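Inspection log for the structure reproduced underneath, given as structure tokens.
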Amino acid sequence: MSKQGQRVILSLRQMIVNGDLAAGERLREESLAERLGVSRTPIRVALKLLAQEGLLQTVGARGYAVREISTEEIRNAVDVRGVLEGMAARLLAEAGMTDVVRDTLKQCLDKGDELFSAGSIDEEDVVTFHDLNMNFHNTIIENCGNGAVKGAIMLNDHIPFASVHSIAIDSSAMDREYLRLTFANVQHHLVFDALINRQGARAEALMREHANAALRYADIFRVGSADNGAIKMLRSEQLPE
């Protein structure tokens, strides 16, 4: 995807997160293109992708509107992801990891430790951890030995903000983001330890807790409390195959 295409997707997603594009609002390619200073082609591609993410819903033959998403809907989807990822971790722990899987997960941990060793992070560091987080989770899911788990997770990921591929950050409070993401990295270490020791039940419980941490610990670290539009959402910028 071109840099312009990535910028358009990030801009539209941010406008939805911030409420600049309200729930139920019908989106028109021409007006969005003018607003962002681009042609209609990257707008058209972006709207299709955002609809597949679950942020938009189709209206008519080719139109889109911003989807209304409830907190309960997101919370329920995160709970489901926790169950599925917990199952994947248990299966992998019971079967045992190959050297390749073990080394991949260990590299994610080492890079995470290095990232947080400075004692602070910026938005670029969050993007780096986003990639590490995706790699850690996807490695477990891809190697759990049950393709149905992966399929179920992919279906559940259509609920916005429930996917591990998405991270919402408060750029006005990076000190709190540091605490939150450092905690997530520590949880990765605990999951890895359970996998290494082939403790299936422990790996499952830890992964379920980890999946729910984004919601459960938001209040502890007061993440996302800003009302100045500083909250941003990051997601891997890859077009679906």
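Residues are named by chain letter and number: chains run A, B, ... in the order of the structure tokens, numbers start at 1 in each chain, and ligands are numbered from 1 in the order shown.
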At a cut-off of 10 Å, using only C-alpha atoms, what residues contact Glu142 of chain A? Leave out same-chain residues fewer than 6 positions from it and give the result as a PDB file with N, CA, C and O atoms, in the first residue's frame.
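The result, stored in out.pdb:
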ATOM      1  N   ALA A  88      -5.750 -21.662  22.439  1.00  0.00           N
ATOM      2  CA  ALA A  88      -4.570 -21.807  21.587  1.00  0.00           C
ATOM      3  C   ALA A  88      -3.309 -21.985  22.424  1.00  0.00           C
ATOM      4  O   ALA A  88      -2.453 -22.828  22.120  1.00  0.00           O
ATOM      5  N   LEU A  92      -0.877 -25.358  22.549  1.00  0.00           N
ATOM      6  CA  LEU A  92       0.547 -25.260  22.230  1.00  0.00           C
ATOM      7  C   LEU A  92       1.399 -25.752  23.393  1.00  0.00           C
ATOM      8  O   LEU A  92       2.410 -26.444  23.185  1.00  0.00           O
ATOM      9  N   VAL A 101       9.346 -21.928  16.908  1.00  0.00           N
ATOM     10  CA  VAL A 101       8.310 -21.200  17.639  1.00  0.00           C
ATOM     11  C   VAL A 101       8.877 -20.596  18.915  1.00  0.00           C
ATOM     12  O   VAL A 101       8.633 -19.428  19.232  1.00  0.00           O
ATOM     13  N   VAL A 149      -9.557 -22.664  15.598  1.00  0.00           N
ATOM     14  CA  VAL A 149      -9.328 -21.568  16.547  1.00  0.00           C
ATOM     15  C   VAL A 149      -8.960 -20.304  15.787  1.00  0.00           C
ATOM     16  O   VAL A 149      -9.500 -19.219  16.052  1.00  0.00           O
ATOM     17  N   LYS A 150      -8.053 -20.431  14.832  1.00  0.00           N
ATOM     18  CA  LYS A 150      -7.655 -19.286  14.021  1.00  0.00           C
ATOM     19  C   LYS A 150      -8.848 -18.712  13.262  1.00  0.00           C
ATOM     20  O   LYS A 150      -9.048 -17.491  13.212  1.00  0.00           O
TER      21      LYS A 150
END
Q: Might you pull out every residue within 9 Å of segment 20-33 of chain A, with only C-alpha atoms counted and same-chain residues fewer than 6 positions away left off, and present them as a count of residues only?
A: 19
Q: Could you check which of A:Arg35, A:Arg81, A:Lys111, A:His210 is closest to Arg180 of chain A, using only C-alpha atoms?
A: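 Closest to Arg180 of chain A of all the choices is A:His210.
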(Q) I need the residue nearest Arg102 of chain A from this list: A:Asn133, A:Thr139, A:Gln4, A:Ser70. Use only C-alpha atoms for the distance. (A)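 The answer is A:Thr139, which sits nearest to Arg102 of chain A.
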(Q) When DSSP is applied to the backbone of this structure, which of segment 74-217 of chain A are assigned strand (DSSP E)? Write them out as JSON, numbers by chain. (A) {"A": [166, 167, 168, 169, 170]}
Q: Pick out the closest residue to Ile159 of chain A from this set: A:Gly119, A:Gly200, A:Gly54, A:Gly19. Count only C-alpha atoms.
A: A:Gly54
